[in-house]
Amino acid sequence: MSTKHDAIVIGLGIVGCACAWALSRRGLRVLAVGDAPIGGGATAAGMGHVAIMDDSEAQFRLTARSSELWMALRDELPSEAAVDYCGTLWVAADEEELNAAKGKHAFYQKRGVRTEVLDETSIAEAEPNLRSGLAGGLRIIDDSIVYPPVVCEWMLAEVVRRGGAVRFAHVTGATRTRVQLDGGDVIDAGVVVLAGGDVSARLCAWLPVRPRKGHLVITDRYPGFCRHELVELGYLKNAHSHAAESVAFNLQPRPTGQMLLGSSRQYGVEHEEVEARMVAWVIERAKLYMPRIGSLRVVRAWTGFRAATPDSLPIIGGRDGVDEPVIATGHEGLGLTTSLGTAELIAAILTGAPTPLDAAAYSASRDFGGHDGH
Amino acid sequence: MRAERARVAVVGAGPAGIAAAVAARSCGARVVLLDDNPDMGGQIWRRVQDGPAGEWRERVKQSGAEIRGGVTVFDAEKVGGRVRLRCDGAAGASVIDAERVVLATGARELFLPFPGWTLPGVFGVGGLQALVKNGLDVRGKRIVVGGTGPLLLAVAAYLSDRGARIELIAEQADKSRMLGFAGAMIRQPGKLLQGAKLRASIIDVEYRFGAWIAEARGDDRVRQVVMSDGGVIEVDAVACGYGLVGNTQLAQVVGVGIGHQASAIGERQEGTRHLALGTGEEQTQEGIGHQASGIWGRQEGTGHLARGTREDGRKSKETRSADPKAGAWRGRVVVDDVMRTSVEGVLCAGEPLGIGGVETSLVEGTMAGYTAAGREELARGLIPRRRRERAFAAAMERTFALREEVLRLARPETIVCRCEDVTMARIAACDHWRGAKLLTRCGMGPCQGRVCGAAVEAMMGWRVRDARPPIYPVSMNALAATGGAMEDA
Ligand SMILES: Cc1cc2nc3c(=O)[nH]c(=O)nc-3n(C[C@H](O)[C@H](O)[C@H](O)COP(=O)(O)OP(=O)(O)OC[C@H]3O[C@@H](n4cnc5c(N)ncnc54)[C@H](O)[C@@H]3O)c2cc1C
Ligand SMILES: Cc1cc2nc3c(=O)[nH]c(=O)nc-3n(C[C@H](O)[C@H](O)[C@H](O)COP(=O)(O)OP(=O)(O)OC[C@H]3O[C@@H](n4cnc5c(N)ncnc54)[C@H](O)[C@@H]3O)c2cc1C
């Protein structure tokens with residue numbers, strides 16, 4: 001039997017694991033290689049919110065398709081994956097934001113996504129700890145949360161069951177069909193997929209991907225303090241502005257009863273330290289929406305790095321005629337959600353399996369608008 | 001929120017911190033002494049008024065140091081040449097920018113999980129002692145004291161004075177080792193006396209060597225213990241303790257170098273908060289540890305195997321210490337010979353440098369206080385005394401090194417992480433601490449791995465070194481108040 005692998009996937013975050021898993025489900029023998037623990041990297045740091053988003057048609061399609069795939073996986077995942085269909089509640093502070101919520105409602109309705117507009121009274125009933133006087137909100141009914149590292153482990157276990165393997169090593173060089181490992185080992189494969197997250201450009205220098213740091217804090221257990229994943233509607237404006245620093249209110253009720261609070265976005269910071277200033281900012285923002293949150297006890301704070309692209313869309317696929325890996329990165333703040341759509345698309349590109357997704361929108365050869373990613 | 005500057009801030013008001021405050025004050029420096037407990041005195045002197053406890057308490061009160069109880073320091077960071085302490089407590093959140101900080105944060109108990117250890121009625125030795133000091137009635141109660149180290153005797157004596165019936169003291173170390181230890185004590189007459197006194201007060205109790213509690217049994221509470229030789233003893237309570245581990249979390253978050261050699265007297269380390277968190281720094285530490293031959297000529301094999309390292313120096317502290325039994329798994333703050341750590345302005349004394357006991361803490365605290373106040377030469381005068389104390393501590397550590405069997409008591413279904421209900425089987429399926437945290441949530445609860453982290457470090461030989469601010473649970477309000485303030489102070 002040949003020792004050659006059909007595919008090598010670099011990176012054991014959610015995107016790499018999902019790609020390895022999707023390829024092995026389609027019959028490929030996959031070697032997954034990573035230099036951090038399974039589900040480490042941004043995946044360990046993220047909030048695990050599976051959210052359908054509407055910034056652009058391309059983003060909508062990828063998140064909506066991914067959401068369907070998560071739904072389909074729901075009963076297969078182990079209980080430790082802590083899947084919870086708590087829904088998202090976008091919070092509108094004023095009339096202007098409520099109008100935006102209504103606009104989104106119309107957008108989602110037209111595309112078959114279940115949503116509901118809340119007025120001042122109904123949002124207060126839905127989330128009693130929000131401050132009074134908010135204009136309303138938009139509920140995305142089928143959004144969910146999940147604990148990503150456990151999903152990663154589950155996926156890789158299946159890869160191994162299907163004849164694949166996992167190897168812990170740092171990759172120092174990669175082409176379309178070969179990787180070189182730290183220490184000198186060279187491994188050949190039918191194809192190499194790069195899912196290295198925010199540091200992917202180390203193996204593919206042209207990639208316009210840069211790290212965007214985020215801070216999160218988690219509290220002790222306060223069951224029922226909030227019920228939905230809460231997100232401020234200013235979030236889109238904030239998150240997508242390319243300002244050096246921003247924060248937005250984002251609160252998630254963990255199935256344990258803990259409250260997970262986010263988050264900040266920073267460019268140009270390369271160290272993973274928790275910065276007291278950013279934590280304070282995240283909390284001050286939250287207090288504008290939920291004044292009572294101030295008395296909750298924080299048990300931990302941490303940071304992670306999103307892989308940001310100039311147009312806020314991931315890069316999925318290979319460039320023709322260039323001897324470099326097929327790319328699967330640049331998912332910024334949505335990579336947990338979009339990992340399943342990404343994996344389906346990668347499998348479609350490499351094996352011809354069907355997908356409703358249109359590869360062109362996420363193509364590695366698309367025009368990044370002359371942005372310099374470095 | 002209160003925000004202030006200080007010349008010297010001392011964190012921890014146990015023997016080390018008290019001595020540091022007294023020494024620094026004697027040189028004229030303004031000193032703030034902080035402790036999370038309302039009462040000063042630390043683990044051994046809290047609520048004790050007579051003897052040295054009373055004398056030192058009086059001395060520090062007279063010294064003019066400003067003493068603040070009930071203040072938890074949850075973060076320390078270098079900001080603009082000073083060390084910023086972020087604190088919370090009954091009096092609200094506060095920030096102290098100090099020129100020099102002495103970390104005298106003491107130690108906590110090591111719990112090694114065994115079947116039944118989570119039953120009500122099973123206590124840590126120090127924990128039970130504290131409960132009794134606070135009024136718990138143990139009169140007539142049948143208690144087995146088990147684990148390792150001199151604390152077993154001290155606590156057994158204390159409990160028996162309070163009317164408890166000590167059924168057995170089970171010391172896991174073999175008698176042959178203890179004989180060597182007695183030899184060491186003869187060179188330290190003061191300590192021998194202390195030991196002898198302790199023995200006398202519990203003269204009727206069996207002190208069994210090479211024995212340990214293998215299992216606790218009961219229904220709603222502990223009823224029996226099964227000993228290592230299979231013997232069963234009926235009990236009302238169990239006091240169990242496998243020694244102490246230094247509290248190095250605050251040192252970790254400020255970026256202080258942590259080593260693994262028993263001789264904590266290493267070389268001065270250079271390092272910043274950031275570097276110290278990366279893999280590179282850890283390797284540097286190892287390197288230095290190997291070169292600087294221990295003052296007492298003893299080097300424990302560490303042979304760390306780096307896992308999951310990344311080229312960018314960000315991330316992973318997945319390292320493994322080869323020999324968990326050797327005691328080398330206990331991380332220790334590295335200081336120079338006058339108690340300076342690798343971070344400018346940060347000093348350390350007492351148990352975080354390696355478990356040493358009260359005399360060591362007093363000497364090191366005094367030295368740190370002198371150095372912090374700019375009188376390094378006074379600190380140098382105490383180097384020989386410190387060396388003697390540390391030699392004794394090292395002998396003690398060798399004597400009470402954990403045997404393989406007590407590290408293997410947990411069964412697959414035994415809970416290791418009580419906060420998150422994680423069993424031994426789930427932890428054993430992982431290959432490093434970070435992986436275990438990610439996949440099992442072990443160490444992710446409110447105690448942040450203070451209990452299970454040390455146990456896992458000992459049992460699995462993994463490196464557990466991931467303290468991040470806040471090192472203690474703290475309100476959102478306190479984080480917000482202390483994080484934003486004084487940015488340009
Ligand atoms: C604070 C925060 C909150 C977030 N919240 C959400 C959310 O609620 N919902 C959501 O959908 N998304 C969220 N995200 C985004 C999501 O976490 C990421 O998009 C996703 O985890 C990216 O996965 P990945 O596999 O691409 O990258 P990573 O998880 O970073 O994994 C990449 C892996 O590749 C490895 N690697 C890189 N280079 C090499 C090499 N040369 N050799 C070997 N291995 C290599 C790295 O070590 C790393 O482990 C959040 C992110 C952050 C930071
Ligand atoms: C539970 C227990 C019981 C013990 N009983 C005995 C005994 O009976 N006899 C004996 O000889 N030895 C005993 N010891 C050993 C004891 O540690 C030493 O003998 C001696 O107390 C060490 O002095 P220290 O000043 O270095 O540390 P400690 O006495 O431990 O003092 C450290 C102090 O710092 C405080 N602190 C730590 N971190 C922070 C923070 N972040 N913010 C604010 N305050 C902080 C702690 O609450 C504590 O008061 C015991 C140890 C423990 C853990």
# chains A, B, ... in the order shown; residues from 1 in each chain; ligands from 1
$ closest_atom_pairs --of "chain A" --to "ligand 1" --cutoff "7 Å" --atoms "only C-alpha atoms and all ligand atoms" --output "tab-separated table"
residue	atom	partner	partner_atom_place_in_ligand_line	distance
A:Ile10	CA	ligand 1	44 (N)	5.6
A:Gly11	CA	ligand 1	34 (O)	3.3
A:Leu12	CA	ligand 1	33 (C)	5.0
A:Gly13	CA	ligand 1	25 (O)	3.2
A:Ile14	CA	ligand 1	25 (O)	4.1
A:Val15	CA	ligand 1	25 (O)	3.7
A:Gly16	CA	ligand 1	25 (O)	5.1
A:Val33	CA	ligand 1	43 (C)	6.0
A:Gly34	CA	ligand 1	44 (N)	3.6
A:Asp35	CA	ligand 1	44 (N)	4.2
A:Ala36	CA	ligand 1	47 (O)	4.5
A:Pro37	CA	ligand 1	49 (O)	6.7
A:Gly39	CA	ligand 1	29 (O)	6.2
A:Gly40	CA	ligand 1	49 (O)	4.8
A:Gly41	CA	ligand 1	30 (O)	3.7
A:Ala42	CA	ligand 1	30 (O)	3.8
A:Thr43	CA	ligand 1	21 (O)	3.2
A:Ala44	CA	ligand 1	29 (O)	6.6
A:Ala45	CA	ligand 1	53 (C)	5.6
A:Gly46	CA	ligand 1	4 (C)	3.5
A:Met47	CA	ligand 1	8 (O)	3.8
A:Gly48	CA	ligand 1	8 (O)	4.3
A:His49	CA	ligand 1	8 (O)	3.6
A:Val50	CA	ligand 1	11 (O)	5.3
A:Ala51	CA	ligand 1	11 (O)	6.7
A:Ala169	CA	ligand 1	43 (C)	5.9
A:His170	CA	ligand 1	42 (N)	3.8
A:Val171	CA	ligand 1	42 (N)	3.6
A:Thr172	CA	ligand 1	41 (N)	5.6
A:Ala195	CA	ligand 1	26 (O)	5.4
A:Gly196	CA	ligand 1	34 (O)	3.5
A:Gly197	CA	ligand 1	27 (O)	3.6
A:Asp198	CA	ligand 1	30 (O)	6.0
A:Val199	CA	ligand 1	37 (C)	5.5
A:Ser200	CA	ligand 1	38 (N)	5.5
A:Arg202	CA	ligand 1	41 (N)	6.8
A:Leu203	CA	ligand 1	41 (N)	6.3
A:Lys213	CA	ligand 1	53 (C)	6.0
A:Gly214	CA	ligand 1	1 (C)	4.1
A:His215	CA	ligand 1	1 (C)	5.4
A:Leu216	CA	ligand 1	1 (C)	5.8
A:Gly262	CA	ligand 1	1 (C)	6.8
A:Ser263	CA	ligand 1	1 (C)	6.1
A:Thr303	CA	ligand 1	1 (C)	6.1
A:Gly304	CA	ligand 1	53 (C)	3.9
A:Phe305	CA	ligand 1	53 (C)	4.3
A:Arg306	CA	ligand 1	53 (C)	4.6
A:Ala307	CA	ligand 1	19 (O)	6.5
A:Thr329	CA	ligand 1	26 (O)	5.1
A:Gly330	CA	ligand 1	26 (O)	6.9
A:His331	CA	ligand 1	19 (O)	4.6
A:Glu332	CA	ligand 1	19 (O)	4.7
A:Gly333	CA	ligand 1	15 (C)	3.7
A:Leu334	CA	ligand 1	11 (O)	3.3
A:Gly335	CA	ligand 1	19 (O)	3.0
A:Leu336	CA	ligand 1	11 (O)	3.5
A:Thr337	CA	ligand 1	11 (O)	3.7
A:Thr338	CA	ligand 1	11 (O)	6.2
$ write_last_selection --atoms "C-alpha atoms" --output "PDB file, in the first residue's frame"
ATOM      1  CA  ILE A  10      -2.049  22.310   7.386  1.00  0.00           C
ATOM      2  CA  GLY A  11      -3.627  23.668  10.575  1.00  0.00           C
ATOM      3  CA  LEU A  12      -5.682  21.951  13.260  1.00  0.00           C
ATOM      4  CA  GLY A  13      -8.061  24.840  13.922  1.00  0.00           C
ATOM      5  CA  ILE A  14     -11.726  24.501  13.030  1.00  0.00           C
ATOM      6  CA  VAL A  15     -11.142  25.312   9.363  1.00  0.00           C
ATOM      7  CA  GLY A  16      -8.352  22.756   8.916  1.00  0.00           C
ATOM      8  CA  VAL A  33      -0.658  18.568  10.322  1.00  0.00           C
ATOM      9  CA  GLY A  34      -0.504  21.321  12.904  1.00  0.00           C
ATOM     10  CA  ASP A  35       1.909  22.867  15.351  1.00  0.00           C
ATOM     11  CA  ALA A  36      -0.630  23.663  18.076  1.00  0.00           C
ATOM     12  CA  PRO A  37      -3.044  21.421  19.960  1.00  0.00           C
ATOM     13  CA  GLY A  39      -8.611  23.170  18.174  1.00  0.00           C
ATOM     14  CA  GLY A  40      -5.893  25.542  19.372  1.00  0.00           C
ATOM     15  CA  GLY A  41      -5.229  28.839  17.629  1.00  0.00           C
ATOM     16  CA  ALA A  42      -8.081  31.270  17.028  1.00  0.00           C
ATOM     17  CA  THR A  43     -10.482  28.374  17.314  1.00  0.00           C
ATOM     18  CA  ALA A  44      -9.803  27.922  21.019  1.00  0.00           C
ATOM     19  CA  ALA A  45     -10.153  31.632  21.615  1.00  0.00           C
ATOM     20  CA  GLY A  46     -13.345  32.293  19.681  1.00  0.00           C
ATOM     21  CA  MET A  47     -16.880  32.609  21.009  1.00  0.00           C
ATOM     22  CA  GLY A  48     -18.321  29.718  19.053  1.00  0.00           C
ATOM     23  CA  HIS A  49     -21.329  31.640  17.780  1.00  0.00           C
ATOM     24  CA  VAL A  50     -22.826  30.163  14.609  1.00  0.00           C
ATOM     25  CA  ALA A  51     -24.380  33.227  13.030  1.00  0.00           C
ATOM     26  CA  ALA A 169       4.649  19.425  13.578  1.00  0.00           C
ATOM     27  CA  HIS A 170       5.479  22.854  12.303  1.00  0.00           C
ATOM     28  CA  VAL A 171       5.371  23.187   8.523  1.00  0.00           C
ATOM     29  CA  THR A 172       8.273  25.199   7.158  1.00  0.00           C
ATOM     30  CA  ALA A 195      -5.654  26.414   6.811  1.00  0.00           C
ATOM     31  CA  GLY A 196      -3.095  28.141   8.971  1.00  0.00           C
ATOM     32  CA  GLY A 197      -5.297  30.942  10.282  1.00  0.00           C
ATOM     33  CA  ASP A 198      -3.824  34.371  10.865  1.00  0.00           C
ATOM     34  CA  VAL A 199      -0.223  33.271  10.242  1.00  0.00           C
ATOM     35  CA  SER A 200      -0.937  31.583   6.893  1.00  0.00           C
ATOM     36  CA  ARG A 202       4.241  32.634   6.482  1.00  0.00           C
ATOM     37  CA  LEU A 203       3.775  29.812   4.033  1.00  0.00           C
ATOM     38  CA  LYS A 213      -6.632  40.604  18.021  1.00  0.00           C
ATOM     39  CA  GLY A 214      -9.692  40.094  20.184  1.00  0.00           C
ATOM     40  CA  HIS A 215     -10.286  40.025  23.956  1.00  0.00           C
ATOM     41  CA  LEU A 216     -12.941  37.981  25.740  1.00  0.00           C
ATOM     42  CA  GLY A 262     -16.768  40.098  23.905  1.00  0.00           C
ATOM     43  CA  SER A 263     -15.146  41.625  22.189  1.00  0.00           C
ATOM     44  CA  THR A 303      -7.215  36.822  23.641  1.00  0.00           C
ATOM     45  CA  GLY A 304      -7.178  35.401  20.132  1.00  0.00           C
ATOM     46  CA  PHE A 305      -6.261  36.424  16.607  1.00  0.00           C
ATOM     47  CA  ARG A 306      -8.705  36.560  13.729  1.00  0.00           C
ATOM     48  CA  ALA A 307      -7.381  36.241  10.202  1.00  0.00           C
ATOM     49  CA  THR A 329      -8.179  30.989   5.506  1.00  0.00           C
ATOM     50  CA  GLY A 330      -9.090  34.629   6.122  1.00  0.00           C
ATOM     51  CA  HIS A 331     -12.336  33.911   7.969  1.00  0.00           C
ATOM     52  CA  GLU A 332     -11.909  36.777  10.412  1.00  0.00           C
ATOM     53  CA  GLY A 333     -14.612  36.780  13.066  1.00  0.00           C
ATOM     54  CA  LEU A 334     -16.787  34.130  11.435  1.00  0.00           C
ATOM     55  CA  GLY A 335     -14.512  31.172  10.850  1.00  0.00           C
ATOM     56  CA  LEU A 336     -16.204  28.900  13.326  1.00  0.00           C
ATOM     57  CA  THR A 337     -19.497  29.457  11.518  1.00  0.00           C
ATOM     58  CA  THR A 338     -18.104  29.303   8.006  1.00  0.00           C
TER      59      THR A 338
END
$ interface_residues --of "chain A" --to "chain B" --cutoff "9 Å" --atoms "only C-alpha atoms" --output "PDB file with N, CA and C atoms, in the first residue's frame"
ATOM      1  N   GLY A  34      -0.420  20.021  12.239  1.00  0.00           N
ATOM      2  CA  GLY A  34      -0.504  21.321  12.904  1.00  0.00           C
ATOM      3  C   GLY A  34       0.531  21.424  14.002  1.00  0.00           C
ATOM      4  N   ASP A  35       0.872  22.660  14.336  1.00  0.00           N
ATOM      5  CA  ASP A  35       1.909  22.867  15.351  1.00  0.00           C
ATOM      6  C   ASP A  35       1.336  23.310  16.689  1.00  0.00           C
ATOM      7  N   ALA A  36       0.015  23.311  16.802  1.00  0.00           N
ATOM      8  CA  ALA A  36      -0.630  23.663  18.076  1.00  0.00           C
ATOM      9  C   ALA A  36      -1.607  22.538  18.397  1.00  0.00           C
ATOM     10  N   PRO A  37      -2.103  22.479  19.618  1.00  0.00           N
ATOM     11  CA  PRO A  37      -3.044  21.421  19.960  1.00  0.00           C
ATOM     12  C   PRO A  37      -4.280  21.451  19.062  1.00  0.00           C
ATOM     13  N   ILE A  38      -4.960  20.340  18.994  1.00  0.00           N
ATOM     14  CA  ILE A  38      -6.193  20.260  18.212  1.00  0.00           C
ATOM     15  C   ILE A  38      -7.176  21.313  18.711  1.00  0.00           C
ATOM     16  N   GLY A  39      -7.668  22.111  17.778  1.00  0.00           N
ATOM     17  CA  GLY A  39      -8.611  23.170  18.174  1.00  0.00           C
ATOM     18  C   GLY A  39      -7.933  24.330  18.865  1.00  0.00           C
ATOM     19  N   GLY A  40      -6.603  24.389  18.794  1.00  0.00           N
ATOM     20  CA  GLY A  40      -5.893  25.542  19.372  1.00  0.00           C
ATOM     21  C   GLY A  40      -6.022  26.727  18.420  1.00  0.00           C
ATOM     22  N   GLY A  41      -5.161  27.679  18.517  1.00  0.00           N
ATOM     23  CA  GLY A  41      -5.229  28.839  17.629  1.00  0.00           C
ATOM     24  C   GLY A  41      -6.465  29.681  17.896  1.00  0.00           C
ATOM     25  N   ALA A  44      -9.654  28.066  19.573  1.00  0.00           N
ATOM     26  CA  ALA A  44      -9.803  27.922  21.019  1.00  0.00           C
ATOM     27  C   ALA A  44     -10.255  29.228  21.649  1.00  0.00           C
ATOM     28  N   GLU A  80     -20.366  17.020  24.600  1.00  0.00           N
ATOM     29  CA  GLU A  80     -19.368  18.005  25.039  1.00  0.00           C
ATOM     30  C   GLU A  80     -19.221  19.159  24.037  1.00  0.00           C
ATOM     31  N   PRO A 149     -13.376  23.445  20.173  1.00  0.00           N
ATOM     32  CA  PRO A 149     -12.297  22.459  20.275  1.00  0.00           C
ATOM     33  C   PRO A 149     -12.789  21.010  20.274  1.00  0.00           C
ATOM     34  N   VAL A 150     -13.947  20.798  20.896  1.00  0.00           N
ATOM     35  CA  VAL A 150     -14.483  19.440  20.937  1.00  0.00           C
ATOM     36  C   VAL A 150     -14.924  18.994  19.537  1.00  0.00           C
ATOM     37  N   GLU A 153     -11.821  17.919  17.669  1.00  0.00           N
ATOM     38  CA  GLU A 153     -11.352  16.599  18.073  1.00  0.00           C
ATOM     39  C   GLU A 153     -12.230  15.508  17.456  1.00  0.00           C
ATOM     40  N   PHE A 168       1.634  16.228  14.732  1.00  0.00           N
ATOM     41  CA  PHE A 168       1.944  17.504  15.377  1.00  0.00           C
ATOM     42  C   PHE A 168       3.324  17.958  14.947  1.00  0.00           C
ATOM     43  N   ALA A 169       3.357  18.933  14.075  1.00  0.00           N
ATOM     44  CA  ALA A 169       4.649  19.425  13.578  1.00  0.00           C
ATOM     45  C   ALA A 169       4.441  20.802  12.976  1.00  0.00           C
ATOM     46  N   HIS A 170       5.519  21.549  12.944  1.00  0.00           N
ATOM     47  CA  HIS A 170       5.479  22.854  12.303  1.00  0.00           C
ATOM     48  C   HIS A 170       5.862  22.679  10.836  1.00  0.00           C
ATOM     49  N   VAL A 199      -1.639  33.266  10.626  1.00  0.00           N
ATOM     50  CA  VAL A 199      -0.223  33.271  10.242  1.00  0.00           C
ATOM     51  C   VAL A 199       0.005  32.521   8.925  1.00  0.00           C
ATOM     52  N   THR A 219     -17.440  34.794  32.879  1.00  0.00           N
ATOM     53  CA  THR A 219     -17.803  34.974  34.290  1.00  0.00           C
ATOM     54  C   THR A 219     -18.004  33.627  34.966  1.00  0.00           C
ATOM     55  N   ASP A 220     -18.200  33.691  36.243  1.00  0.00           N
ATOM     56  CA  ASP A 220     -18.686  32.566  37.015  1.00  0.00           C
ATOM     57  C   ASP A 220     -20.099  32.232  36.505  1.00  0.00           C
ATOM     58  N   GLU A 270       0.751  42.157  18.086  1.00  0.00           N
ATOM     59  CA  GLU A 270       1.147  40.787  17.767  1.00  0.00           C
ATOM     60  C   GLU A 270       1.259  39.895  18.999  1.00  0.00           C
ATOM     61  N   HIS A 271       1.256  40.485  20.185  1.00  0.00           N
ATOM     62  CA  HIS A 271       1.418  39.638  21.369  1.00  0.00           C
ATOM     63  C   HIS A 271       0.060  39.245  21.935  1.00  0.00           C
ATOM     64  N   GLU A 272       0.037  38.094  22.583  1.00  0.00           N
ATOM     65  CA  GLU A 272      -1.240  37.541  23.010  1.00  0.00           C
ATOM     66  C   GLU A 272      -1.636  37.922  24.434  1.00  0.00           C
ATOM     67  N   GLU A 273      -0.892  38.833  25.039  1.00  0.00           N
ATOM     68  CA  GLU A 273      -1.222  39.236  26.399  1.00  0.00           C
ATOM     69  C   GLU A 273      -2.616  39.814  26.508  1.00  0.00           C
ATOM     70  N   VAL A 274      -3.225  39.579  27.659  1.00  0.00           N
ATOM     71  CA  VAL A 274      -4.473  40.250  27.989  1.00  0.00           C
ATOM     72  C   VAL A 274      -4.135  41.690  28.363  1.00  0.00           C
ATOM     73  N   GLU A 275      -4.722  42.652  27.676  1.00  0.00           N
ATOM     74  CA  GLU A 275      -4.445  44.065  27.976  1.00  0.00           C
ATOM     75  C   GLU A 275      -5.581  44.618  28.840  1.00  0.00           C
ATOM     76  N   ALA A 276      -5.203  45.079  30.015  1.00  0.00           N
ATOM     77  CA  ALA A 276      -6.202  45.561  30.983  1.00  0.00           C
ATOM     78  C   ALA A 276      -7.065  46.669  30.383  1.00  0.00           C
ATOM     79  N   ARG A 277      -6.430  47.500  29.593  1.00  0.00           N
ATOM     80  CA  ARG A 277      -7.139  48.623  28.977  1.00  0.00           C
ATOM     81  C   ARG A 277      -8.253  48.126  28.038  1.00  0.00           C
ATOM     82  N   MET A 278      -7.952  47.098  27.249  1.00  0.00           N
ATOM     83  CA  MET A 278      -8.953  46.593  26.320  1.00  0.00           C
ATOM     84  C   MET A 278     -10.080  45.877  27.061  1.00  0.00           C
ATOM     85  N   VAL A 279      -9.715  45.124  28.100  1.00  0.00           N
ATOM     86  CA  VAL A 279     -10.733  44.440  28.902  1.00  0.00           C
ATOM     87  C   VAL A 279     -11.675  45.474  29.512  1.00  0.00           C
ATOM     88  N   ALA A 280     -11.102  46.550  30.031  1.00  0.00           N
ATOM     89  CA  ALA A 280     -11.924  47.599  30.645  1.00  0.00           C
ATOM     90  C   ALA A 280     -12.883  48.196  29.611  1.00  0.00           C
ATOM     91  N   TRP A 281     -12.376  48.376  28.416  1.00  0.00           N
ATOM     92  CA  TRP A 281     -13.185  48.964  27.345  1.00  0.00           C
ATOM     93  C   TRP A 281     -14.355  48.040  26.971  1.00  0.00           C
ATOM     94  N   VAL A 282     -14.065  46.766  26.826  1.00  0.00           N
ATOM     95  CA  VAL A 282     -15.105  45.780  26.499  1.00  0.00           C
ATOM     96  C   VAL A 282     -16.198  45.812  27.571  1.00  0.00           C
ATOM     97  N   ILE A 283     -15.786  45.877  28.821  1.00  0.00           N
ATOM     98  CA  ILE A 283     -16.756  45.868  29.925  1.00  0.00           C
ATOM     99  C   ILE A 283     -17.566  47.165  29.947  1.00  0.00           C
ATOM    100  N   GLU A 284     -16.888  48.302  29.761  1.00  0.00           N
ATOM    101  CA  GLU A 284     -17.618  49.578  29.745  1.00  0.00           C
ATOM    102  C   GLU A 284     -18.683  49.577  28.648  1.00  0.00           C
ATOM    103  N   ILE A 293     -24.394  44.086  34.598  1.00  0.00           N
ATOM    104  CA  ILE A 293     -23.319  43.126  34.327  1.00  0.00           C
ATOM    105  C   ILE A 293     -22.078  43.459  35.164  1.00  0.00           C
ATOM    106  N   GLY A 294     -21.997  44.716  35.613  1.00  0.00           N
ATOM    107  CA  GLY A 294     -20.825  45.150  36.372  1.00  0.00           C
ATOM    108  C   GLY A 294     -20.557  44.345  37.625  1.00  0.00           C
ATOM    109  N   SER A 295     -21.617  43.783  38.201  1.00  0.00           N
ATOM    110  CA  SER A 295     -21.412  43.072  39.468  1.00  0.00           C
ATOM    111  C   SER A 295     -21.064  41.598  39.252  1.00  0.00           C
ATOM    112  N   LEU A 296     -21.129  41.123  38.013  1.00  0.00           N
ATOM    113  CA  LEU A 296     -20.776  39.724  37.759  1.00  0.00           C
ATOM    114  C   LEU A 296     -19.272  39.517  37.927  1.00  0.00           C
ATOM    115  N   ARG A 297     -18.916  38.321  38.419  1.00  0.00           N
ATOM    116  CA  ARG A 297     -17.498  38.046  38.645  1.00  0.00           C
ATOM    117  C   ARG A 297     -16.859  37.362  37.438  1.00  0.00           C
ATOM    118  N   VAL A 298     -15.767  37.941  37.018  1.00  0.00           N
ATOM    119  CA  VAL A 298     -15.012  37.386  35.888  1.00  0.00           C
ATOM    120  C   VAL A 298     -14.052  36.325  36.421  1.00  0.00           C
ATOM    121  N   VAL A 299     -14.060  35.145  35.818  1.00  0.00           N
ATOM    122  CA  VAL A 299     -13.088  34.137  36.255  1.00  0.00           C
ATOM    123  C   VAL A 299     -11.875  34.054  35.327  1.00  0.00           C
ATOM    124  N   ARG A 300     -12.028  34.453  34.077  1.00  0.00           N
ATOM    125  CA  ARG A 300     -10.881  34.381  33.172  1.00  0.00           C
ATOM    126  C   ARG A 300     -11.014  35.415  32.073  1.00  0.00           C
ATOM    127  N   ALA A 301      -9.885  35.811  31.523  1.00  0.00           N
ATOM    128  CA  ALA A 301      -9.865  36.664  30.335  1.00  0.00           C
ATOM    129  C   ALA A 301      -8.832  36.077  29.383  1.00  0.00           C
ATOM    130  N   TRP A 302      -9.034  36.214  28.091  1.00  0.00           N
ATOM    131  CA  TRP A 302      -8.038  35.723  27.142  1.00  0.00           C
ATOM    132  C   TRP A 302      -8.141  36.476  25.833  1.00  0.00           C
TER     133      TRP A 302
END
$ closest_residue --among "B:Ala104, B:Ala251, B:Val60, B:Ala9" --to "ligand 2" --atoms "only C-alpha atoms and all ligand atoms"
B:Ala104
$ residues_near_ligand --ligand "ligand 2" --cutoff "7 Å" --atoms "only C-alpha atoms and all ligand atoms" --output "number ranges by chain"
B: 11-17, 34-37, 40-45, 71-74, 104-109, 125-127, 151, 154-155, 244, 247, 250, 349-351, 357-358, 361
$ closest_residue --among "A:Phe107, A:Tyr362, A:Trp90, A:Tyr267" --to "Phe249 of chain A" --atoms "only C-alpha atoms"
A:Trp90
$ residues_around --residues "Gln258 of chain A" --least-positions-apart "6" --cutoff "9 Å" --atoms "only C-alpha atoms" --output "number ranges by chain"
A: 218-223, 225, 252
